[in-house]
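Q: Here you go, one structure.
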Amino acid sequence: MWRMVAIWLVLSAVLDPLFYILVGPHVPPGTMTSSAQQNQFDFNILLVAALPVFLAVWVYLAYTVVMWRASRKGAPEPVGGAQARTHLGVQVGWIVTTTVIVLGLFVFGTVELIANGGSGGGEGPNPIWTPTSATILPVQVIAQQWKFTYRYPTFGGFESGQLIVPNDTTIAFHVTSLDVIHDFWAYQLSIKADANPQQDDVAFTTTRQTGSVTVRCDELCGLWHGAMFNYGKVVSKAAFMAWAKSTEAGNAANTKLLPPFAYTYVPDANGSDGGYYPDNVDPYSNSEVYGAKPAAS
Ligand SMILES: [Cu+2]
């Protein structure tokens with residue numbers, strides 16, 4: 001047993017730091033935002049804690065295959081049965097070790113969730129864990145079958161089909177849905193928030209690098225769920241201001257036709273509470289001429 005423990009100790013002591021140094025920086029979701037950096041760190045800690053457990057299983061397996069194989073003459077029989085069952089040291093060791101690991105992970109996970117404004121997760125309409133930045137850029141994410149639209153309330157409320165956000169900026173994503181339950185998952189930003197109709201789900205992160213972002217719907221939402229993705233960008237602050245100002249101006253005529261900015265929307269087919277369609281038009285008709293008088297029947 002002590003020989004096995006020694007092999008395991010040496011392997012763990014060598015491979016754990018090697019893993020952390022060589023593989024750690026490449027572990028998803030990368031380092032594009034504060035929440036991505038933090039989540040990558042969390043994954044690395046969990047992997048470093050898991051590697052010795054993995055090694056223990058494989059060292060034991062390899063040891064038994066080599067030392068206790070049938071063709072090896074005169075090998076000692078492995079000790080089992082009653083002797084192993086009543087070994088107090090093994091029992092206490094097992095209970096103490098697993099308890100320490102589980103409680104340690106519980107405390108670590110809880111602290112990490114609180115430490116960085118909810119760790120990039122959707123916190124509902126009244127977030128408990130908010131970032132400390134003085135300025136926060138709000139970006140609304142509107143999900144519907146089967147696309148995401150982004151709305152920028154501090155730039156006249158224009159809408160964009162592409163998510164563009166500035167670097168070195170704390171962003172509050174306000175995630176909602178027009179129809180069924182979707183989920184906004186901006187992979188490299190390490191942001192993930194459910195998109196529920198009639199709800200404003202808030203998630204925070206701070207951008208740290210420019211680059212491309214993949215956005216996917218992460219909640220089965222109907223026939224084309226798998227096609228519900230698009231790409232976004234983290235750009236420099238100057239490039240973002242230029243894009244936002246020119247899009248605000250270029251879209252102004254269309255923005256005027258949109259419902260005013262709100263944290264949730266009701267796509268009301270009858271138009272009775274300020275929905276998208278005038279009262280007298282069947283939204284499912286072939287006619288594109290909204291506002292026309294209904295045909296006499
Ligand atoms: Cu969806």
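In the structure tokens, each chain is lettered A, B, ... as it comes, each chain's residues begin at 1, and ligands are numbered from 1 in order of appearance.
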Could the residues that lie within 9 Å of ligand 1, counting only C-alpha atoms and all ligand atoms, be listed as a PyMOL selection string?

A: chain A and resi 143-148+177+180-184+195+216-222+224-229

Q: Those residues you just picked out, can you put them in a file as a short mmCIF file (atom, residue, chain, number, x, y, z; two decimals), in the first residue's frame with N, CA and C atoms?

A:
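Dumped everything to result20.cif:
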```cif
data_model
loop_
_atom_site.label_atom_id
_atom_site.label_comp_id
_atom_site.auth_asym_id
_atom_site.auth_seq_id
_atom_site.Cartn_x
_atom_site.Cartn_y
_atom_site.Cartn_z
N ALA A 143 -34.64 37.72 -26.82
CA ALA A 143 -34.67 36.42 -27.50
C ALA A 143 -36.06 36.17 -28.05
N GLN A 144 -36.12 35.51 -29.18
CA GLN A 144 -37.40 35.07 -29.72
C GLN A 144 -37.10 33.90 -30.64
N GLN A 145 -38.12 33.11 -30.96
CA GLN A 145 -37.93 32.00 -31.88
C GLN A 145 -37.61 32.57 -33.27
N TRP A 146 -36.42 32.43 -33.85
CA TRP A 146 -35.25 31.82 -33.29
C TRP A 146 -34.07 32.73 -33.56
N LYS A 147 -34.06 33.85 -32.85
CA LYS A 147 -32.95 34.79 -33.02
C LYS A 147 -32.78 35.65 -31.77
N PHE A 148 -31.61 36.29 -31.69
CA PHE A 148 -31.35 37.26 -30.63
C PHE A 148 -31.27 38.65 -31.25
N SER A 177 -37.36 37.64 -23.17
CA SER A 177 -37.83 36.87 -24.32
C SER A 177 -39.19 37.39 -24.75
N VAL A 180 -41.10 32.07 -25.94
CA VAL A 180 -40.88 30.93 -25.04
C VAL A 180 -39.59 31.15 -24.24
N ILE A 181 -39.20 30.17 -23.43
CA ILE A 181 -37.98 30.28 -22.65
C ILE A 181 -36.77 29.97 -23.53
N HIS A 182 -35.85 30.91 -23.61
CA HIS A 182 -34.56 30.71 -24.29
C HIS A 182 -33.47 30.89 -23.23
N ASP A 183 -32.23 30.83 -23.68
CA ASP A 183 -31.13 31.09 -22.75
C ASP A 183 -29.99 31.75 -23.52
N PHE A 184 -29.58 32.92 -23.03
CA PHE A 184 -28.52 33.71 -23.67
C PHE A 184 -27.18 33.22 -23.14
N ALA A 195 -33.56 33.46 -20.72
CA ALA A 195 -34.40 34.50 -21.33
C ALA A 195 -35.85 34.05 -21.17
N ARG A 216 -25.03 31.61 -28.27
CA ARG A 216 -25.92 30.48 -28.57
C ARG A 216 -27.13 30.53 -27.65
N CYS A 217 -28.25 30.01 -28.18
CA CYS A 217 -29.38 29.75 -27.32
C CYS A 217 -29.07 28.44 -26.60
N ASP A 218 -29.23 28.42 -25.27
CA ASP A 218 -28.87 27.22 -24.50
C ASP A 218 -30.07 26.63 -23.77
N GLU A 219 -31.24 26.83 -24.35
CA GLU A 219 -32.43 26.21 -23.77
C GLU A 219 -33.30 25.77 -24.95
N LEU A 220 -33.60 24.47 -24.99
CA LEU A 220 -34.38 23.93 -26.10
C LEU A 220 -35.66 24.74 -26.28
N CYS A 221 -35.79 25.39 -27.44
CA CYS A 221 -36.86 26.39 -27.57
C CYS A 221 -37.69 26.19 -28.83
N GLY A 222 -37.59 25.02 -29.44
CA GLY A 222 -38.41 24.78 -30.62
C GLY A 222 -37.60 24.25 -31.77
N TRP A 224 -36.07 25.27 -34.51
CA TRP A 224 -34.78 25.79 -34.99
C TRP A 224 -33.88 26.25 -33.84
N HIS A 225 -34.07 25.64 -32.67
CA HIS A 225 -33.21 25.95 -31.52
C HIS A 225 -31.73 25.84 -31.88
N GLY A 226 -31.40 24.76 -32.61
CA GLY A 226 -29.99 24.52 -32.95
C GLY A 226 -29.42 25.57 -33.87
N ALA A 227 -30.29 26.31 -34.57
CA ALA A 227 -29.82 27.35 -35.49
C ALA A 227 -29.87 28.72 -34.84
N MET A 228 -30.20 28.75 -33.55
CA MET A 228 -30.34 30.04 -32.86
C MET A 228 -29.01 30.46 -32.27
N PHE A 229 -28.14 30.97 -33.12
CA PHE A 229 -26.85 31.47 -32.65
C PHE A 229 -26.43 32.64 -33.53
#
```

Q: Skip Phe43 of chain A itself and residues of its chain fewer than 4 positions away, then list as a list in words all residues within 9 Å of it, counting only C-alpha atoms.

A: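 Residues near the query, excluding close chain neighbours: Gly24, Val27, Pro28, Gln38, Asn39, Leu47 and Val48 of chain A.
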
Q: Could you check how far atom CA of Val102 of chain A sits from atom CA of Trp2 of chain A, in Å to one decimal?

A: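 Spanning atom CA of Val102 of chain A to atom CA of Trp2 of chain A is a straight-line distance of 25.1 Å.
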
Q: Which residue gives the smallest distance to Leu9 of chain A among A:Ala56, A:Leu46, A:Ser160, A:Leu22, with only C-alpha atoms counted?

A: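 When distances to Leu9 of chain A are compared using only C-alpha atoms, the smallest one comes from A:Ala56.
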
Q: Under the rule that only C-alpha atoms are counted, which of A:Thr97, A:Thr110, A:Thr170, A:Asn251 is the nearest residue to Ala134 of chain A?

A: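 Once distances to Ala134 of chain A are computed over only C-alpha atoms, the minimum belongs to A:Thr170.
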
Q: For the structure I just gave you, how does DSSP split segment 223-268 of chain A - specifically, which residues are strand (DSSP E)? Reply as a PyMOL selection string.

A: chain A and resi 229-235

Q: What lies within 10 Å of Val234 of chain A using only C-alpha atoms, ignoring chain neighbours under 2 positions off, as a count of residues only?

A: 23
